[in-house]
Amino acid sequence: MEALAASRPRGRRWTNVLERPSVLASVLISPAVIFILALVGGPLALAVYLSFTNAIGGSLHGKWIGLGNFRHEWTNPAFQDAVWHTFLFTVISQAIVLVVAGLLAHALLKKFPGKWLLRFLILLPWAAPLPLSLMGWTWIFDTTYSIINWTLQHLHLVSTVSPPQWLAQPRLAMGSVIAVHAWRIIPFATVIFLAGLASIPKEVDDAAAIDGATGLRKFWSVSLPLQLPIATVALLFGIVFTATDMAVVYILTNGGPPPSNSTEMVTTWAYKTGIESGSLGAGAAISLFLLPVLAVVAIGMLIFARRAEVT
Amino acid sequence: MASSDDPSRREGRYDRRELIRRAGAAGISIGVAGSGFGQAFYGPLRFKGRWLKGDLTIIQWAHFVPAYDKWFTDVWSKNWGQKNDVQVKVDLILNTLLPARAAAEAASGSGHDLFFNLSPQAQLEDQVINHAEIVQEVQRKVGKIGVVGKKATYNPKTKKWFAFADNFVPDPVVWRHDYWNGVGIAPSTWENVRKAAPKLKAAGHPIGIGQSAELDSNMALIAFMMCFGAYVQDAKHRVTIKSKHTIEAVKFMADIFKSGETDEIFGWQPASNNNFLYSGKGSMILNAISATRTPEDLGLPFADQLYIYPIPKGPVQRLGLEHVMGAYSIWKFAQNIPAAKKFMADLEINYKEAFIASKFYNFPTFPGALPFKRIQKLAAADTHKPRGKYQVLTTIAQKYTVNPGYPGYTNAAFSEVFGKFLIPKMFAQVSQGKMSAADAVSAADHDFKDIYTKWRKLGKI
Amino acid sequence: MDAVLRGFREKGLSYLIVGPFAIVLAFPFYVMVITAFKQQRDFYDLSHSPYWFHKGPTLSNARFLFNETQYTTWLRNTAIVGVVVVLITLVLAVPAGYALARLSGKLGQSVGVGIFLTYLVPPTLLFLPLFSVITQLDRQTSHLLHFHLRGSIWSLVLVYPSFTVPFATWLLMGFFKTIPRELEDAALIDGASRLGTLVRIVFPISVPGILTVVIFSFSLVVNEFVYAFTFISASTHRTLSTGVYTDLIRGDLPQWGAIMVASLIPSIPLALLYNTFLDRFIAGFTGGAFR
């Protein structure tokens with residue numbers, strides 16, 4: 001490559017500089033990196049600083065208290081519960097997404113009449129702006145007007161006075177939140193899996209057919225290994241989205257229902273502490289807790305994905 | 001109304017600010033609006049005889065009674081703006097989003113001149129001005145501020161008025177006269193409520209006192225507790241939740257839940273108890289009169305059967321909280337503090353208009369602004385059936401309404417207890433049988449003391 | 001005959017899997033459609049079926065939405081923010097994704113992972129400091145630019161790429177890795193410059209990847225809520241996500257009919273759009289240069 005570069009006619013100097021891979025790489029990467037550093041790195045540093053202070057209200061400084069916030073929250077049962085709930089929420093919803101999206105992606109590979117329409121229906125949850133579709137869900141789960149309860153009551157499966165309260169009973173609330181979150185992520189994951197599946201070269205397909213591998217066997221020994229890298233990355237994104245996004249829980253249950261607050265997540269707890277109750281330093285500390293945990297998970301999964309790459 | 005983001009209006013001010021910064025003008029009173037040092041001049045010749053100018057930006061909640069917002073933005077603010085040569089711009093926002101917005105404005109040091117909240121934000125005390133001047137100005141014209149207003153917006157420790165409360169909303173109990181007639185009882189005491197509960201539920205019309213992580217539940221349960229002589233804090237701001245009164249109250253409510261309510265009360269949003277009533281299912285809720293005004297507006301068939309009573313009497317007393325209290329704060333860094341102060345004072349002094357526009361929802365915190373006798377006359381003239389039912393609001397406002405945190409002041413620690421919904425949590429634990437009453441109260445005591453210690457260390461109580 | 005039967009069985013299996021899920025995923029939208037056109041008294045009446053109209057459909061909710069609220073403004077604002085942010089994302093992420101896929105060694109790996117790690121920071125943590133940053137920026141630039149960054153949709157345009165760019169970079173990195181190096185090497189041997197190769201050979205093939213980024217970034221923007229309601233308080237400057245949530249809920253009485261209309265209007269065209277792009281993007285994957 002270098003010999004070729006040398007043999008090229010001397011043109012304008014800047015284009016020659018850009019021939020060097022490392023320079024070109026830096027030039028291409030730097031806008032993105034600078035942008036991210038400015039808009040994420042800076043505020044993140046500020047947030048880290050805040051977590052070591054007792055800042056209150058909306059002010060961005062406070063007295064330094066070292067690990068005080070962290071120690072206090074670590075021993076706080078409300079925080080411990082929030083961590084457990086976040087774990088449950090993430091793991092269960094992503095497991096559902098993985099299975100359903102995998103199935104759907106496989107089924108959508110082939111052609112069949114009506115596929116376009118069915119795919120359209122599947123994409124709807126993803127296309128709808130989230131806060132709006134969540135409001136739709138609060139109506140579907142409404143304590144008085146829930147369409148689910150109406151149906152169940154008319155089928156005489158539940159009582160009229162005391163129907164299931166999808167957002168008011170602790171286990172049901174967690175289930176509802178998980179279901180809605182999975183509902184929202186499934187189209188997104190399906191698309192990623194479809195891309196992965198579609199990128200399996202035809203030769204592999206043909207080879208598998210020649211070897212007589214069809215159906216489940218083909219899935220297990222051919223499709224799955226090839227899909228593993230992309231499935232891992234999709235799962236990783238799903239996990240990160242789920243753990244850091246508070247929209248679903250905030251709009252549906254606001255971390256309730258009392259007293260167990262079964263749907264309180266780390267994100268909503270941080271919000272309640274830092275913003276609604278004004279203990280900004282503590283709120284920052286709580287939010288930061290997720291960072292190292294997710295980082296470890298992320299790096300682990302990325303290493304796994306790279307190892308699993310089949311060339 | 002021109003947008004307050006209109007550049008031509010801002011430019012002049014920034015140039016002047018630059019000038020002053022460079023001149024290091026500490027004592028020069030070529031005012032920059034928002035200096036908070038009193039009256040500000042904008043150069044002597046431009047606006048003769050007027051000492052206010054510029055924009056006034058206000059953010060407040062989207063009122064439960066839409067007619068009030070229409071009046072506030074299209075009539076009141078417009079007229080005031082014209083009279084005082086100020087561009088008034090009002091932003092409306094969902095009330096649950098106000099705390100986050102306030103935090104953001106405080107953190108960035110820039111925001112609306114007047115920031116509204118449905119409960120006085122004691123934790124923002126350091127970022128707002130002392131509102132004493134407004135209180136004094138209004139007191140000069142209409143008389144002293146009511147006790148409820150004072151104890152909710154004044155910090156006796158720092159001697160600072162950290163907000164200006166323009167109104168409070170009495171919290172009656174709204175009940176279905178036809179259903180209760182059917183069981184032959186009226187909700188005049190909590191004992192009556194307990195008696196009626198199972199009968200009402202059996203008839204398919206349960207009671208609805210929320211135990212959810214939301215505002216209405218907070219208010220209702222704290223008020224309920226007070227009827228039993230149980231308080232979160234005492235007059236000296238010590239935590240007093242752990243008492244036999246609280247235990248009795250919690251047990252009593254658990255009783256009412258088991259016999260007369262359904263599980264839904266744990267998953268409510270602020271509008272849910274209203275929905276509960278509007279669907280025809282509910283027989284009683286504790287709510288402001290939006291619960292009667294909306295059925296009137298919607299033409300619901302049972303609107304006439306919705307009666308209004310004061311909070312039922314408990315074994316110790318009949319005492320309630322305000323449903324919400326409108327409290328405006330002015331940031332220290334607000335751009336137009338003089339205009340903000342005058343706006344507030346004028347609004348309160350002329351509160352009759354606001355009261356009527358809100359359909360009797362907003363009661364002035366300065367009783368002199370609209371004496372109770374006159375309110376009663378207005379209420380008596382309301383034609384909705386049963387006639388004169390809104391008159392009881394004055395009784396409730398006068399006798400049965402105190403500030404959150406009574407017998408103490410509304411302080412930051414109490415606000416945090418409030419904001420974390422620890423009271424509904426305590427009640428729910430007993431109602432759902434998860435903890436004994438004694439244990440739940442002890443746990444609450446522990447949590448509250450934690451919070452109070454923190455704020456005491458910060459020197460706020 | 002055997003093949004025909006197998007064909008039926010495969011198709012049947014597809015319907016069996018896809019059908020139920022499609023119904024479950026789209027069911028809330030059915031409820032939305034009905035509620036959007038229901039009369040208020042109809043849907044507040046528990047004795048009426050929520051699955052169909054009892055008192056006849058009505059356009060009054062839609063009329064309320066368009067006449068009494070700033071809905072069209074919010075739609076427009078969301079569209080503007082979406083398009084501009086997508087453009088910014090492409091400009092930043094395409095080169096970065098390519099560079100990370102091709103040109104960098106160990107350092108590049110770490111940068112790549114670093115970019116991904118920014119994802120792990122929740123917006124609930126960042127929105128306060130970011131709001132401060134925007135305010136400071138606003139103070140410095142408002143007389144230069146003759147308008148206020150703060151409180152306008154351009155503050156969102158500035159901030160949104162902070163979460164679309166990492167994601168897009170990652171997607172494109174993975175995508176560029178699937179483009180065979182031989183293509184570019186062939187062009188380089190023919191005497192083209194690296195930059196020229198990038199522009200003339202690689203980018204045209206990456207259209208499916210770019211489309212993917214467009215779809216994903218746009219959906220991220222449309223769904224964003226926390227920054228939108230922190231930075232913008234004036235009704236006229238709101239986007240869809242905040243406008244509907246704050247202006248159509250009057251505490252006491254959410255305007256359900258109007259809310260449903262408001263939700264349907266962007267969802268359906270966007271789903272159609274995504275569906276259309278999806279075909280191209282999958283075709284691109286199976287296509288490639290060597291077919």
# chains A, B, ... in the order shown; residues from 1 in each chain; ligands from 1
>>> residues_around(residues="Leu171 (chain C)", least_positions_apart="4", cutoff="9 Å", atoms="only C-alpha atoms", output="JSON, numbers by chain")
{"C": [97, 166, 167, 175, 176, 209, 212, 213]}
>>> interface_residues(of="chain C", to="chain A", cutoff="7 Å", atoms="only C-alpha atoms", output="PyMOL selection string")
chain C and resi 11+14+17-18+22+25-26+32+46+50+92-93+95-96+99+103-104+117-118+120-122+124-126+129-130+159+162+193-194+219+222-223+241+260+263+266-267+270-272+275+282+285-286
>>> closest_atom_pairs(of="chain A", to="chain B", cutoff="8 Å", atoms="only C-alpha atoms", output="JSON lines")
{"residue": "A:Ile56", "atom": "CA", "partner": "B:Gln123", "partner_atom": "CA", "distance": 7.3}
{"residue": "A:Gly57", "atom": "CA", "partner": "B:Leu124", "partner_atom": "CA", "distance": 5.0}
{"residue": "A:Gly58", "atom": "CA", "partner": "B:Ala103", "partner_atom": "CA", "distance": 4.2}
{"residue": "A:Ser59", "atom": "CA", "partner": "B:Ala107", "partner_atom": "CA", "distance": 4.6}
{"residue": "A:Leu60", "atom": "CA", "partner": "B:Ala107", "partner_atom": "CA", "distance": 5.5}
{"residue": "A:Thr143", "atom": "CA", "partner": "B:Glu264", "partner_atom": "CA", "distance": 5.8}
{"residue": "A:Thr144", "atom": "CA", "partner": "B:Phe276", "partner_atom": "CA", "distance": 6.2}
{"residue": "A:Val161", "atom": "CA", "partner": "B:Gly204", "partner_atom": "CA", "distance": 5.9}
{"residue": "A:Ser162", "atom": "CA", "partner": "B:Thr262", "partner_atom": "CA", "distance": 5.8}
{"residue": "A:Pro164", "atom": "CA", "partner": "B:Asp263", "partner_atom": "CA", "distance": 8.0}
{"residue": "A:Gln165", "atom": "CA", "partner": "B:Glu264", "partner_atom": "CA", "distance": 5.5}
{"residue": "A:Leu167", "atom": "CA", "partner": "B:Gly267", "partner_atom": "CA", "distance": 5.4}
{"residue": "A:Ala168", "atom": "CA", "partner": "B:Gly267", "partner_atom": "CA", "distance": 3.7}
{"residue": "A:Gln169", "atom": "CA", "partner": "B:Asp263", "partner_atom": "CA", "distance": 6.9}
{"residue": "A:Thr253", "atom": "CA", "partner": "B:Gly267", "partner_atom": "CA", "distance": 7.0}
{"residue": "A:Asn254", "atom": "CA", "partner": "B:Ala213", "partner_atom": "CA", "distance": 7.3}
{"residue": "A:Gly255", "atom": "CA", "partner": "B:Ala213", "partner_atom": "CA", "distance": 7.9}
{"residue": "A:Gly256", "atom": "CA", "partner": "B:Ala213", "partner_atom": "CA", "distance": 6.0}
{"residue": "A:Pro257", "atom": "CA", "partner": "B:Gly267", "partner_atom": "CA", "distance": 5.4}
{"residue": "A:Pro258", "atom": "CA", "partner": "B:Lys425", "partner_atom": "CA", "distance": 4.9}
{"residue": "A:Pro259", "atom": "CA", "partner": "B:Lys425", "partner_atom": "CA", "distance": 4.2}
{"residue": "A:Ser260", "atom": "CA", "partner": "B:Lys425", "partner_atom": "CA", "distance": 7.7}
{"residue": "A:Lys272", "atom": "CA", "partner": "B:Lys420", "partner_atom": "CA", "distance": 6.7}
{"residue": "A:Thr273", "atom": "CA", "partner": "B:Lys420", "partner_atom": "CA", "distance": 7.7}
{"residue": "A:Ile275", "atom": "CA", "partner": "B:Ala100", "partner_atom": "CA", "distance": 5.6}
{"residue": "A:Glu276", "atom": "CA", "partner": "B:Pro99", "partner_atom": "CA", "distance": 5.5}
{"residue": "A:Ser277", "atom": "CA", "partner": "B:Glu416", "partner_atom": "CA", "distance": 5.0}
{"residue": "A:Gly278", "atom": "CA", "partner": "B:Gln123", "partner_atom": "CA", "distance": 6.2}
>>> write_last_selection(atoms="N, CA and C atoms", output="PDB file, in the first residue's frame")
ATOM      1  N   ILE A  56     -28.270  20.601  46.915  1.00  0.00           N
ATOM      2  CA  ILE A  56     -29.724  20.502  46.980  1.00  0.00           C
ATOM      3  C   ILE A  56     -30.373  21.503  46.047  1.00  0.00           C
ATOM      4  N   GLY A  57     -31.658  21.395  45.972  1.00  0.00           N
ATOM      5  CA  GLY A  57     -32.425  22.318  45.136  1.00  0.00           C
ATOM      6  C   GLY A  57     -31.997  22.124  43.715  1.00  0.00           C
ATOM      7  N   GLY A  58     -31.740  23.180  43.000  1.00  0.00           N
ATOM      8  CA  GLY A  58     -31.272  22.959  41.657  1.00  0.00           C
ATOM      9  C   GLY A  58     -29.869  23.459  41.503  1.00  0.00           C
ATOM     10  N   SER A  59     -29.238  23.823  42.632  1.00  0.00           N
ATOM     11  CA  SER A  59     -27.925  24.456  42.502  1.00  0.00           C
ATOM     12  C   SER A  59     -26.892  23.427  42.118  1.00  0.00           C
ATOM     13  N   LEU A  60     -25.894  23.834  41.369  1.00  0.00           N
ATOM     14  CA  LEU A  60     -24.900  22.888  40.896  1.00  0.00           C
ATOM     15  C   LEU A  60     -23.647  22.866  41.748  1.00  0.00           C
ATOM     16  N   THR A 143     -57.723   2.183  35.966  1.00  0.00           N
ATOM     17  CA  THR A 143     -58.327   1.462  37.074  1.00  0.00           C
ATOM     18  C   THR A 143     -59.836   1.301  36.904  1.00  0.00           C
ATOM     19  N   THR A 144     -60.468   2.228  36.221  1.00  0.00           N
ATOM     20  CA  THR A 144     -61.908   2.107  36.032  1.00  0.00           C
ATOM     21  C   THR A 144     -62.254   1.641  34.624  1.00  0.00           C
ATOM     22  N   VAL A 161     -66.746  -5.713  40.637  1.00  0.00           N
ATOM     23  CA  VAL A 161     -66.373  -4.666  41.590  1.00  0.00           C
ATOM     24  C   VAL A 161     -64.862  -4.648  41.803  1.00  0.00           C
ATOM     25  N   SER A 162     -64.258  -5.839  41.801  1.00  0.00           N
ATOM     26  CA  SER A 162     -62.828  -5.930  42.121  1.00  0.00           C
ATOM     27  C   SER A 162     -62.020  -6.582  41.010  1.00  0.00           C
ATOM     28  N   PRO A 164     -58.902  -7.242  38.293  1.00  0.00           N
ATOM     29  CA  PRO A 164     -57.461  -7.108  38.499  1.00  0.00           C
ATOM     30  C   PRO A 164     -57.026  -5.671  38.236  1.00  0.00           C
ATOM     31  N   GLN A 165     -56.137  -5.192  39.080  1.00  0.00           N
ATOM     32  CA  GLN A 165     -55.667  -3.828  38.915  1.00  0.00           C
ATOM     33  C   GLN A 165     -54.263  -3.895  38.356  1.00  0.00           C
ATOM     34  N   LEU A 167     -52.086  -1.898  37.339  1.00  0.00           N
ATOM     35  CA  LEU A 167     -50.989  -1.043  37.775  1.00  0.00           C
ATOM     36  C   LEU A 167     -51.003  -0.836  39.278  1.00  0.00           C
ATOM     37  N   ALA A 168     -51.969  -1.446  39.959  1.00  0.00           N
ATOM     38  CA  ALA A 168     -52.103  -1.180  41.381  1.00  0.00           C
ATOM     39  C   ALA A 168     -51.738  -2.362  42.249  1.00  0.00           C
ATOM     40  N   GLN A 169     -51.684  -3.551  41.671  1.00  0.00           N
ATOM     41  CA  GLN A 169     -51.264  -4.708  42.464  1.00  0.00           C
ATOM     42  C   GLN A 169     -49.806  -4.983  42.148  1.00  0.00           C
ATOM     43  N   THR A 253     -46.516   3.841  36.184  1.00  0.00           N
ATOM     44  CA  THR A 253     -46.747   3.619  37.614  1.00  0.00           C
ATOM     45  C   THR A 253     -46.037   4.621  38.516  1.00  0.00           C
ATOM     46  N   ASN A 254     -45.143   5.407  37.962  1.00  0.00           N
ATOM     47  CA  ASN A 254     -44.343   6.324  38.769  1.00  0.00           C
ATOM     48  C   ASN A 254     -43.662   5.603  39.937  1.00  0.00           C
ATOM     49  N   GLY A 255     -43.249   4.372  39.702  1.00  0.00           N
ATOM     50  CA  GLY A 255     -42.491   3.664  40.718  1.00  0.00           C
ATOM     51  C   GLY A 255     -43.357   3.001  41.770  1.00  0.00           C
ATOM     52  N   GLY A 256     -44.649   3.112  41.676  1.00  0.00           N
ATOM     53  CA  GLY A 256     -45.500   2.506  42.683  1.00  0.00           C
ATOM     54  C   GLY A 256     -45.673   1.020  42.454  1.00  0.00           C
ATOM     55  N   PRO A 257     -46.729   0.357  42.865  1.00  0.00           N
ATOM     56  CA  PRO A 257     -47.687   0.943  43.801  1.00  0.00           C
ATOM     57  C   PRO A 257     -47.196   0.806  45.240  1.00  0.00           C
ATOM     58  N   PRO A 258     -47.615   1.713  46.099  1.00  0.00           N
ATOM     59  CA  PRO A 258     -47.212   1.575  47.495  1.00  0.00           C
ATOM     60  C   PRO A 258     -47.833   0.316  48.075  1.00  0.00           C
ATOM     61  N   PRO A 259     -47.315  -0.275  49.098  1.00  0.00           N
ATOM     62  CA  PRO A 259     -46.139   0.176  49.811  1.00  0.00           C
ATOM     63  C   PRO A 259     -44.858  -0.474  49.318  1.00  0.00           C
ATOM     64  N   SER A 260     -45.026  -1.518  48.528  1.00  0.00           N
ATOM     65  CA  SER A 260     -43.816  -2.224  48.129  1.00  0.00           C
ATOM     66  C   SER A 260     -43.095  -1.485  47.028  1.00  0.00           C
ATOM     67  N   LYS A 272     -36.743  10.742  41.797  1.00  0.00           N
ATOM     68  CA  LYS A 272     -37.524  11.173  42.963  1.00  0.00           C
ATOM     69  C   LYS A 272     -36.623  11.826  43.995  1.00  0.00           C
ATOM     70  N   THR A 273     -35.449  11.210  44.201  1.00  0.00           N
ATOM     71  CA  THR A 273     -34.551  11.740  45.221  1.00  0.00           C
ATOM     72  C   THR A 273     -33.942  13.061  44.780  1.00  0.00           C
ATOM     73  N   ILE A 275     -34.600  15.142  41.999  1.00  0.00           N
ATOM     74  CA  ILE A 275     -35.368  16.243  41.450  1.00  0.00           C
ATOM     75  C   ILE A 275     -36.591  16.549  42.294  1.00  0.00           C
ATOM     76  N   GLU A 276     -37.423  15.554  42.530  1.00  0.00           N
ATOM     77  CA  GLU A 276     -38.670  15.864  43.204  1.00  0.00           C
ATOM     78  C   GLU A 276     -38.475  16.153  44.681  1.00  0.00           C
ATOM     79  N   SER A 277     -37.446  15.567  45.289  1.00  0.00           N
ATOM     80  CA  SER A 277     -37.211  15.882  46.688  1.00  0.00           C
ATOM     81  C   SER A 277     -36.059  16.838  46.875  1.00  0.00           C
ATOM     82  N   GLY A 278     -35.390  17.181  45.812  1.00  0.00           N
ATOM     83  CA  GLY A 278     -34.367  18.208  45.901  1.00  0.00           C
ATOM     84  C   GLY A 278     -33.007  17.777  46.422  1.00  0.00           C
TER      85      GLY A 278
END
>>> atom_distance(atom1="CA of Tyr361 (chain B)", atom2="CA of Val169 (chain B)")
5.9 Å
>>> atom_distance(atom1="CA of Pro338 (chain B)", atom2="CA of Leu92 (chain B)")
22.0 Å
>>> residues_around(residues="Leu240 (chain C)", least_positions_apart="4", cutoff="7 Å", atoms="only C-alpha atoms", output="MDAnalysis selection string")
chainID C and resid 74:75 78 244
>>> closest_residue(among="B:Asn192, B:Gln305, B:Gln82, B:Asn218", to="Lys389 (chain B)", atoms="only C-alpha atoms")
B:Gln305
